[in-house]
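Undergrad: There's a structure below that I have some questions on.
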Amino acid sequence: MSSKEKTITIFYGPQHPASGHMRIILEVDGDVVIKADPDIGYVHRGIEKLAEHKTYFQVIPMVERQCLPDAAHHNLAYVLALEELLGIEAPERAQYLRTLLAEINRIASHLYGMGLHGVSIGSSTAYMWCFGLREYMLILAEKLTGARITYSYIIPGGVRRDIPQGFSQDVERYLRLFERKMRDLDKLFISNPVTKARLEGVGVLPKEEAIKLGVVGPVLRASGVEYDVRRVRPYAAYPWIDFEIAVKKEGDSYARLLVRVKEIEESIKIIRQVLKDLPDGSILHERYMKLLPPRLKEYVTNTGLVKFPGVFATMKVPKGEGIGSVEAGRGELIYHLISNGESKPYRLKISTPSFRNLILFSHLIKDVKVADVPAIYLSLDYFPPEADR
Amino acid sequence: MSELIDKLVNELRSKNYNVSREKGRIKVKVALENFVEVVKKLKNMGIDHVKSLTAIDYPSEGRIKVNYILGSYSTKELYETIIIVSLDLSRDSPSLPSLAKMFPSIIYQERECYEMLGIEFKGHDDLRHLLLSSEDFTDVHPLRKEFKIEEEGIMA
Amino acid sequence: MNILSQILEIILNRSVIAAVIVPGVLTALVLVILIIWVERKIAARVQMRIGPLYVTRRLGGILQLVADAIRFLVSEPIVPATTDKLFYVMMPILLLLLSLLPVAVVPASQSLIVIKTEYGLLAFIALAAITPMVIMLAGWASNNKFSYIGGLREGFMLLSYEVYLFMSLLAIAILYGTLDFIRIINSQEGFWGILLNPIAALSFFIAMLTSTSRFPFEIPDAESEIVMGPFTEYNSIMYGLVMGANYFRLYVLSLVFTDVFLGGWLLPFKIPIPNFVITIAKTFIVMIVAVFLRAVYPRYRIDQALVIGWEKLFPLASLSVLISVLLKGVGI
């Protein structure tokens with residue numbers, strides 16, 4: 001009897017409570033999955049093609065909306081690539097403020113992934129608590145930038161707004177509430193014996209396989225490779241800040257969860273250091289400040305709200321290519337921007353961490369039980385709109 | 001820059017490849033004939049994964065430029081380098097040998113490059129559409145410059 | 001005159017009251033409506049939310065389930081064309097019937113029992129074992145891959161819990177020397193069953209959780225893996241009946257737990273309340289404990305649940321039988 005008659009094909013499709021906006025085609029024999037084939041492209045919006053028809057400044061809100069939980073990192077990577085083309089570097093105070101927003105966003109992105117992971121194993125309490133904790137981070141981001149999710153805070157030359165009055169005290173108060181609730185979450189979800197039984201030893205990725213398949217982010221660090229772009233090619237304020245990289249050796253789903261929890265703790269340390277060491281200075285580069293009329297310049301230095309000079313709308317960027325690489329919440333993010341002297345980009349290529357982790361679907365989901373499929377797939381923290389662009 | 005990187009650059013330069021070092025990156029420009037050789041040499045020196053595969057369409061010059069951005073996870077001294085290997089293809093029927101057997105990290109990137117720009121990768125055993133539906137986009141390649149985006153206006 | 005007195009005689013017969021009012025259909029309905037509200041409210045408060053609020057706002061949304069039931073009754077039931085129509089429509093009704101059937105042999109007070117028999121415990125186990133077959137039939141009749149897998153999982157779960165459910169009740173039967181519910185309750189004067197043999201109580205409680213798909217054993221309808229398990233294709237009133245049947249089963253098992261381990265209607269002190277109210281109150285408390293675990297645990301995988309059933313709980317149940325035999329030998 002041929003094996004085709006023994007197996008059934010299941011479409012773990014877009015209309016499924018735990019699949020997200022993508023489809024996995026599973027071949028199942030009894031309770032064991034033999035083969036998994038991802039079928040993506042359900043939310044492909046053609047961002048790379050659209051970027052060739054918008055001016056450089058109009059592309060900033062567009063690239064943020066690819067990955068909503070993690071918008072600040074996409075913003076930062078694009079602006080770093082653009083600043084390399086323009087040949088400028090933002091002032092120090094702006095670099096520290098960029099780091100502050102990036103770390104707040106990293107915590108929010110990790111909580112999003114942990115919450116979805118929890119509800120797929122069956123613990124709806126973990127889901128509600130993670131999203132409730134994420135609220136604290138969104139409130140802080142709103143105080144800083146004015147928007148909760150898509151900030152458009154980082155512009156070429158600096159940032160858009162200075163910190164408001166009493167921000168440091170607010171941050172300290174929220175961080176203390178946050179840490180207390182994280183200890184409760186740890187007792188309820190992360191050290192729960194049922195969670196450990198579900199996640200330990202499931203979806204193991206050994207170190208050589210992780211290196212060969214070129215995976216990124218917490219998935220890579222949970223398999224024992226100490227690679228973090230913030231340490232290896234530092235950008236923004238990271239050369240002057242002291243933090244540790246979270247690394248684990250086992251490589252199973254539980255190790256990935258623990259790596260994310262440790263990264264949240266490190267991000268809290270970074271936020272406190274940034275607020276303590278914030279240097280004085282202007283938040284926008286000199287080249288753009290001197291294009292403003294004197295009354296507007298006074299307004300900007302007094303209130304800390306930037307008014308854009310008119311050149312931003314029709315900026316002509318010199319010919320060349322720029323690469324901006326940051327460590328987003330899900331892994332290494334690379335923006336490759338090529339210009340030929342016009343006011344619109346010639347080619348924008350985005351290499352997102354979720355797309356680079358796609359190879360793990362067909363590799364890890366093999367010879368596992370059907371009930372392990374959500375436990376593995378959501379531990380990779382795959383976000384379909386970011387992979388499809 | 002560490003000595004391993006210096007050794008890499010010198011070895012590539014010794015074979016008369018076009019190597020340049022700017023802003024902390026190493027750029028190697030090759031032709032189609034010695035492409036696989038250069039990649040094999042880089043692999044022996046410790047490069048083990050592909051970060052990104054970009055292809056850019058220059059219709060006025062009749063060529064497609066392909067960029068491979070490579071990195072290393074296994075050798076600690078090479079962590080900070082980004083190596084960019086670029087080559088030019090003709091626009092009429094571009095085809096390249098596939099690197100899927102050497103670097104498994106490139107499998108999905110080659111599929112996307114194939115459907116967006118029409119570059120055929122010889123030796124890739126599963127070259128089908130990834131993001132776009134295969135019925136509507138069988139011979140249409142959206143990232144080529146002749147593909148126009150339809151714009152809809154709003155009646156005021 | 002004759003017919004009227006005959007009708008009155010039938011209505012006021014204790015068995016008929018037991019079947020219709022307490023502990024039969026009406027009590028079951030009221031308790032199920034209350035327990036679903038309690039489950040949603042407790043889970044919501046643990047999860048930093050509020051839960052059902054808007055129906056009867058001042059009482060905290062307690063009539064939410066009545067609103068849901070009315071909604072189920074008036075929405076249009078759709079029978080998909082690809083299913084086996086007879087079995088598809090028959091299953092919810094059969095399931096509801098069979099879930100409530102075992103209550104026929106369980107008493108709520110000295111005389112409120114539908115069928116007075118000496119073999120009450122045995123009849124209960126036999127009647128309670130039929131329900132999983134109906135669920136598997138529902139999974140087959142829906143003609144859907146997810147329902148098929150869900151039905152198979154229900155079959156596997158049956159293999160897991162049935163044995164130690166039987167053995168914990170066997171331990172109690174050995175301890176009291178009888179299979180009759182009313183004699184068991186009367187022998188618990190002064191010492192409740194849970195104090196004499198706590199291990200049997202624990203293993204019966206876990207068997208109760210597994211049998212009615214409470215967390216952490218909510219495996220046949222695991223929503224994030226196989227959409228709704230065997231009940232994926234059910235909608236409107238059929239879905240309402242199926243969800244209700246699950247809670248009816250919980251009610252019957254809790255009633256047995258109360259009668260056998262918590263002394264039925266006996267209390268250490270005298271209160272001027274009718275016996276059946278005490279029994280129903282204790283049953284409600286047991287149901288609240290079983291339902292509270294939704295907010296705490298994730299769910300197990302099916303092979304882990306089977307391993308736990310056979311490697312950890314079967315020895316526990318055997319230990320409880322051993323304890324019963326020892327206690328009987330000592331002379332209690």
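By order of appearance in the structure tokens: chains A, B, ..., then residues from 1 within every chain, and ligands from 1 in the order shown.
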Could the residues of chain A that have an atom at most 7 Å from chain B be listed as CSV, each with its closest atom pair and the distance in Å to one decimal, counting only C-alpha atoms and ordered by chain and ascending residue number?
TA:
residue,atom,partner,partner_atom,distance
A:Ile40,CA,B:Leu131,CA,5.9
A:Gly41,CA,B:Leu131,CA,3.9
A:His44,CA,B:Leu131,CA,6.7
A:Lys49,CA,B:Leu143,CA,6.2
A:Ile211,CA,B:Tyr73,CA,6.0
A:Lys212,CA,B:Asp48,CA,6.4
A:Leu213,CA,B:Ser105,CA,4.6
A:Gly214,CA,B:Ser105,CA,5.2
A:Val232,CA,B:Glu80,CA,5.3
A:Arg233,CA,B:Glu80,CA,5.8
A:Arg347,CA,B:Ile56,CA,6.8
A:Lys349,CA,B:Thr54,CA,6.6
A:Ser351,CA,B:Ser52,CA,6.0
A:Asp388,CA,B:Leu131,CA,6.8
Undergrad: Please provide the set of residues having any atom within 12 Å of Ala18 in chain A, restricted to only C-alpha atoms, with same-chain residues fewer than 3 positions apart removed, written as a PyMOL selection string.
TA: (chain A and resi 12-15+21-24+115-122+371+373-378) or (chain C and resi 222-228)
Undergrad: Once you count only C-alpha atoms, what closest atom pair and distance in Å to one decimal does each residue of chain C within 8 Å of chain A have, with rows by chain and rising residue number, as JSON lines?
TA:
{"residue": "C:Ala43", "atom": "CA", "partner": "A:Thr125", "partner_atom": "CA", "distance": 7.9}
{"residue": "C:Val46", "atom": "CA", "partner": "A:Thr125", "partner_atom": "CA", "distance": 7.5}
{"residue": "C:Gln47", "atom": "CA", "partner": "A:Thr125", "partner_atom": "CA", "distance": 5.5}
{"residue": "C:Met48", "atom": "CA", "partner": "A:Trp129", "partner_atom": "CA", "distance": 7.3}
{"residue": "C:Lys145", "atom": "CA", "partner": "A:Ile10", "partner_atom": "CA", "distance": 7.2}
{"residue": "C:Pro216", "atom": "CA", "partner": "A:Val194", "partner_atom": "CA", "distance": 7.8}
{"residue": "C:Ala222", "atom": "CA", "partner": "A:Gly122", "partner_atom": "CA", "distance": 7.8}
{"residue": "C:Glu223", "atom": "CA", "partner": "A:Pro17", "partner_atom": "CA", "distance": 6.9}
{"residue": "C:Ser224", "atom": "CA", "partner": "A:Ala18", "partner_atom": "CA", "distance": 5.0}
{"residue": "C:Glu225", "atom": "CA", "partner": "A:Ala371", "partner_atom": "CA", "distance": 6.2}
{"residue": "C:Val227", "atom": "CA", "partner": "A:His16", "partner_atom": "CA", "distance": 6.5}
{"residue": "C:Arg294", "atom": "CA", "partner": "A:Ser123", "partner_atom": "CA", "distance": 7.9}
{"residue": "C:Ala295", "atom": "CA", "partner": "A:Thr125", "partner_atom": "CA", "distance": 5.7}
{"residue": "C:Val296", "atom": "CA", "partner": "A:Leu188", "partner_atom": "CA", "distance": 7.0}
{"residue": "C:Tyr297", "atom": "CA", "partner": "A:Ser123", "partner_atom": "CA", "distance": 5.9}
{"residue": "C:Pro298", "atom": "CA", "partner": "A:Ser123", "partner_atom": "CA", "distance": 4.2}
{"residue": "C:Arg299", "atom": "CA", "partner": "A:Gly122", "partner_atom": "CA", "distance": 5.3}
{"residue": "C:Tyr300", "atom": "CA", "partner": "A:Val194", "partner_atom": "CA", "distance": 6.6}
{"residue": "C:Arg301", "atom": "CA", "partner": "A:Ala371", "partner_atom": "CA", "distance": 6.2}
{"residue": "C:Ile302", "atom": "CA", "partner": "A:Ala371", "partner_atom": "CA", "distance": 7.9}
Undergrad: Please return, as a PyMOL selection string, all residues of chain B that DSSP assigns to helix (DSSP H, G or I) on the basis of the backbone.
TA: chain B and resi 3-14+35-44+76-78+104-117
Undergrad: Need the shell around Ala141 in chain A: protein/DNA/RNA residues with any atom at most 12 Å away, counting only C-alpha atoms. Skip same-chain ones fewer than 4 positions apart. Format as a VMD selection string?
TA: chain A and resid 71 to 72 97 to 98 100 to 108 134 to 137 145 to 153 161 163 to 164 167 170 to 171 174
Undergrad: Identify, on the basis of only C-alpha atoms, every residue whose closest approach to range 330-346 of chain A does not exceed 6 Å; exclude the query and any residue fewer than 6 positions from it along the same chain; express the result as a compact mmCIF listing (two decimals) with N, CA and C atoms, in the first residue's frame.
TA:
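The resulting file, part-v1.txt, is reproduced below:
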# COMPACT_ATOMS: atom_id res chain seq x y z
N GLU A 52 9.41 52.81 -4.59
CA GLU A 52 10.04 53.47 -5.73
C GLU A 52 9.19 54.60 -6.28
N LYS A 54 7.46 56.83 -4.09
CA LYS A 54 7.23 57.85 -3.07
C LYS A 54 8.54 58.54 -2.77
N THR A 55 8.46 59.77 -2.28
CA THR A 55 9.69 60.47 -1.91
C THR A 55 10.29 59.82 -0.67
N TYR A 56 11.56 60.16 -0.42
CA TYR A 56 12.27 59.52 0.69
C TYR A 56 11.56 59.72 2.02
N VAL A 216 17.93 33.95 12.82
CA VAL A 216 18.27 35.20 13.49
C VAL A 216 17.52 35.32 14.80
N GLY A 217 17.96 36.26 15.63
CA GLY A 217 17.17 36.69 16.76
C GLY A 217 17.25 35.77 17.96
N MET A 315 13.64 66.23 -0.95
CA MET A 315 15.05 65.98 -0.69
C MET A 315 15.67 65.23 -1.84
N LYS A 316 16.79 65.73 -2.40
CA LYS A 316 17.48 64.99 -3.45
C LYS A 316 18.71 64.37 -2.81
N VAL A 317 18.78 63.08 -2.87
CA VAL A 317 19.81 62.35 -2.13
C VAL A 317 20.94 62.00 -3.10
N PRO A 318 22.20 62.19 -2.74
CA PRO A 318 23.29 61.89 -3.67
C PRO A 318 23.34 60.40 -4.02
N LYS A 319 23.99 60.14 -5.17
CA LYS A 319 23.99 58.78 -5.70
C LYS A 319 24.81 57.87 -4.80
N GLY A 320 24.38 56.59 -4.66
CA GLY A 320 25.17 55.66 -3.85
C GLY A 320 24.27 54.58 -3.27
N GLU A 321 24.80 53.87 -2.28
CA GLU A 321 23.96 52.86 -1.63
C GLU A 321 24.23 52.90 -0.13
N GLY A 322 23.19 52.67 0.66
CA GLY A 322 23.31 52.71 2.11
C GLY A 322 22.71 51.45 2.71
N ILE A 323 23.36 50.97 3.75
CA ILE A 323 22.86 49.77 4.43
C ILE A 323 22.65 50.11 5.89
N GLY A 324 21.43 49.83 6.40
CA GLY A 324 21.17 50.05 7.81
C GLY A 324 20.80 48.72 8.46
N THR A 352 13.82 40.96 6.29
CA THR A 352 13.22 40.97 7.62
C THR A 352 13.55 39.69 8.38
N PRO A 353 13.59 39.74 9.71
CA PRO A 353 13.92 38.55 10.49
C PRO A 353 12.90 37.42 10.33
Undergrad: Would you kindly return, as a short mmCIF file (atom, residue, chain, number, x, y, z; two decimals) with N, CA and C atoms, in the first residue's frame, each protein, DNA or RNA residue with an atom no farther than 7 Å from any atom of Ser324 in chain C, considering only C-alpha atoms and excluding same-chain residues fewer than 2 positions away?
TA:
data_model
loop_
_atom_site.label_atom_id
_atom_site.label_comp_id
_atom_site.auth_asym_id
_atom_site.auth_seq_id
_atom_site.Cartn_x
_atom_site.Cartn_y
_atom_site.Cartn_z
N ALA C 171 -12.77 1.50 45.48
CA ALA C 171 -12.19 1.67 46.81
C ALA C 171 -13.28 2.06 47.81
N ILE C 174 -15.55 -0.91 48.60
CA ILE C 174 -14.92 -1.85 49.53
C ILE C 174 -14.99 -1.29 50.95
N LEU C 175 -14.74 0.02 51.06
CA LEU C 175 -14.67 0.62 52.39
C LEU C 175 -16.00 0.54 53.12
N SER C 320 -5.28 3.52 46.60
CA SER C 320 -6.48 3.83 47.38
C SER C 320 -7.28 2.57 47.66
N VAL C 321 -7.30 1.62 46.69
CA VAL C 321 -7.99 0.34 46.94
C VAL C 321 -7.30 -0.39 48.08
N LEU C 322 -5.96 -0.35 48.06
CA LEU C 322 -5.20 -1.01 49.11
C LEU C 322 -5.51 -0.41 50.48
N LEU C 326 -7.07 -2.24 53.77
CA LEU C 326 -6.41 -2.23 55.08
C LEU C 326 -7.35 -1.69 56.16
N LEU C 327 -8.07 -0.58 55.79
CA LEU C 327 -8.97 0.00 56.78
C LEU C 327 -10.07 -0.98 57.15
N LYS C 328 -10.55 -1.71 56.14
CA LYS C 328 -11.59 -2.68 56.41
C LYS C 328 -11.09 -3.80 57.29
#
Undergrad: Here is a test: counting only C-alpha atoms, which residue of A:Val219, A:Glu265, A:Arg356, A:Gln58 is nearest to Thr314 in chain A?
TA: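 Between A:Val219, A:Glu265, A:Arg356, A:Gln58, the residue approaching Thr314 in chain A most closely is A:Gln58.
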Undergrad: What separation in Å, quoted to one decimal, exists between CA of Pro91 in chain A and CA of Arg65 in chain A?
TA: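 Atom-to-atom, CA of Pro91 in chain A and CA of Arg65 in chain A are spaced 26.4 Å apart.
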Undergrad: Could you write out, as a compact mmCIF listing (two decimals) with C-alpha atoms, in the first residue's frame, all the residues of range 35-155 of chain B that DSSP marks as strand (DSSP E or B)?
TA:
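Listing of states-v2.txt after writing:
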# COMPACT_ATOMS: atom_id res chain seq x y z
CA HIS B 49 25.10 32.15 5.70
CA VAL B 50 23.46 34.59 3.33
CA LYS B 51 21.77 37.59 4.89
CA SER B 52 20.05 39.01 1.86
CA LEU B 53 19.80 38.57 -1.89
CA THR B 54 19.00 41.73 -3.83
CA ALA B 55 18.52 42.22 -7.54
CA ILE B 56 18.28 45.66 -9.15
CA ASP B 57 16.94 46.35 -12.59
CA TYR B 58 18.71 48.90 -14.82
CA ARG B 63 21.57 44.77 -17.15
CA ILE B 64 20.36 43.35 -13.85
CA LYS B 65 22.72 43.70 -10.91
CA VAL B 66 22.59 40.98 -8.25
CA ASN B 67 23.95 41.55 -4.72
CA TYR B 68 24.62 38.79 -2.24
CA ILE B 69 25.12 39.99 1.36
CA LEU B 70 26.97 37.33 3.33
CA GLY B 71 27.98 36.94 6.95
CA ILE B 82 29.40 42.24 5.94
CA ILE B 83 30.62 40.89 2.61
CA ILE B 84 28.79 41.99 -0.52
CA VAL B 85 29.32 39.95 -3.69
CA SER B 86 27.83 41.61 -6.76
CA LEU B 87 27.63 40.62 -10.39
CA ASP B 88 25.87 41.78 -13.54
CA LEU B 89 23.52 39.76 -15.70
CA SER B 90 22.01 40.55 -19.05
CA SER B 95 20.08 32.89 -15.06
CA LEU B 96 22.46 32.01 -12.25
CA PRO B 97 23.69 28.81 -10.65
CA GLU B 120 16.22 31.64 -13.12
CA PHE B 121 18.35 29.72 -10.62
CA LYS B 122 19.70 26.57 -12.18
Undergrad: How many Å lie between CA of Pro107 in chain C and CA of Ile323 in chain C, rounded to one decimal?
TA: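 Atom-to-atom, CA of Pro107 in chain C and CA of Ile323 in chain C are spaced 26.4 Å apart.
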Undergrad: Suppose you want the space between CA of Ile7 in chain C and CA of Thr117 in chain C; what is it in Å?
TA: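 We find that CA of Ile7 in chain C and CA of Thr117 in chain C lie 25.1 Å from each other.
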Undergrad: Closest to Arg14 in chain C among C:Gly51, C:Gly309, C:Val114, C:Met90, using only C-alpha atoms?
TA: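 Distance minimum relative to Arg14 in chain C lands on C:Val114.
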